[in-house]
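Comments concern the structure below.
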Amino acid sequence: MSDALINGLAGAGGGIIAQLITYPLQTVNTRQQTDRDLKKEKRKVGTIEQMRQVVKQEGWERLYGGLTPSLVGTAASQGVYYYFYQIFRNKAEIKALENRKRGIGDGSVGILSSLIVAALSGCVNVLLTNPIWVIVTRMQTHKKVSKKVNPNRLATPVPEDTVLSVFDPLPYGTVHAIQELYDEAGFLGFWKGVFPTLIMVSNPAIQFMLYETMLKKLKKQRSLLGTPGNNGITAWEIFLLGALAKLGATGVTYPLNVVKARLQAKQVSTGDQRHQYKGTLDAILKMIRYEGFNGFYKGMSTKIVQSVLAAAVLFMIKEELVKGARLLLDKGSIHTVKSKPP
């Protein structure tokens with residue numbers, strides 16, 4: 001089994017586990033990003049409170065809306081990303097060794113090369129998996145219809161403690177979301193938000209650059225202490241490195257994430273023109289005009305918690321799966337050699 005395939009499968013496995021743990025936070029964050037209610041903005045409802053409201057008004061299942069396509073998307077995205085990352089990384093390492101023979105560099109992959117490798121892997125990933133994430137965004141932002149009902153049925157202003165009657169007129173599953181998107185925007189609709197998403201490949205690029213730089217330094221320190229390689233690095237340390245790397249990357253690219261979510265969510269075809277986006281530039285200009293620059297950072301605290309936790313779990317699980325797979329392969333090869341007749 002090739003190193004690229006091991007990393008691809010391990011990345012997919014780690015991504016699925018991280019997604020299951022953090023999915024409710026992701027759903028709330030997507031709703032925060034796509035929310036354009038200025039009155040709600042003034043109330044500043046926190047993440048925990050918003051999760052409580054979703055559960056109370058729509059049920060627990062809405063926190064996991066779009067989970068099935070999201071798991072498929074996570075497995076596909078992580079698998080594709082790590083597979084191509086390892087392929088491009090191997091080529092970069094070969095190039096670095098060739099440069100060393102010519103007296104250029106020390107034979108290791110530099111920060112710029114790591115950034116390019118991560119960016120190329122991200123672009124391939126975005127182009128192949130964007131349709132899945134458009135569907136996930138649609139399902140996360142789909143809300144059950146709420147009606148305000150006065151329990152006393154009096155012809156008086158509706159009080160604050162009005163009972164909410166919630167119903168879902170039609171089941172909203174993956175097939176429904178796909179059909180709705182196709183009817184709205186055709187085949188190209190599945191690549192909505194692809195432009196800001198392509199720019200956002202700088203997020204995993206920055207993330208992996210920071211991660212590998214910190215990991216390289218930690219390995220170097222451990223080798224000086226007499227414990228070379230991954231054996232001297234614990235899963236908890238990998239967890240912390242992944243969290244720090246994601247924290248730095250998220251802070252830089254978050255505004256693009258909000259623009260992407262706005263484009264991928266269901267567009268309002270009638271009514272307020274402020275809620276209708278024709279493209280990336282139109283969305284950016286309208287957000288600046290009607291919401292100010294604060295609109296680009298809606299739900300950022302939720303995103304940081306979700307992203308950092310997911311990335312930390314992903315890195316930890318991935319590294320453990322890679323080490324386990326290599327150990328099994330090594331044992332298998334040793335057993336094969338021993339079993340051969342002399």
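We label chains A, B, ... in the order they appear in the structure tokens, count residues from 1 in each chain, and number ligands from 1 in the order shown.
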
Excluding stretch 250-253 of chain A and its own-chain neighbours fewer than 6 positions away, which residues fall within 7 Å of it when counting only C-alpha atoms? Please give them as a ChimeraX atom specification.
/A:200,203,304

Counting only C-alpha atoms, which residue out of A:Ile16, A:Leu188, A:Leu181, A:Ile206 sits closest to A:Ala119?
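Smallest separation from A:Ala119 among the options: A:Ile206.
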
Identify which of the residues A:Lys217, A:Leu328, A:His142, A:Gly292 lies closest to A:Thr34, counting only C-alpha atoms when measuring atom-to-atom distances.
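Nearest to A:Thr34: A:His142.
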
Find the residues near A:Val136: any atom within 9 Å, counting only C-alpha atoms, skip ones fewer than 2 places away on the same chain, and give them as a PyMOL selection string.
chain A and resi 65-70+73+131-134+138-141+174+177

Between A:Ser108, A:Gln221, A:Gln32, A:Asn7, which is the closest to A:Gly46 once you count only C-alpha atoms?
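For A:Gly46, the nearest of the given residues is A:Gln32.
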
Quick one: distance from atom CA of A:Lys143 to atom CA of A:Leu309 in Å, one decimal?
26.0 Å
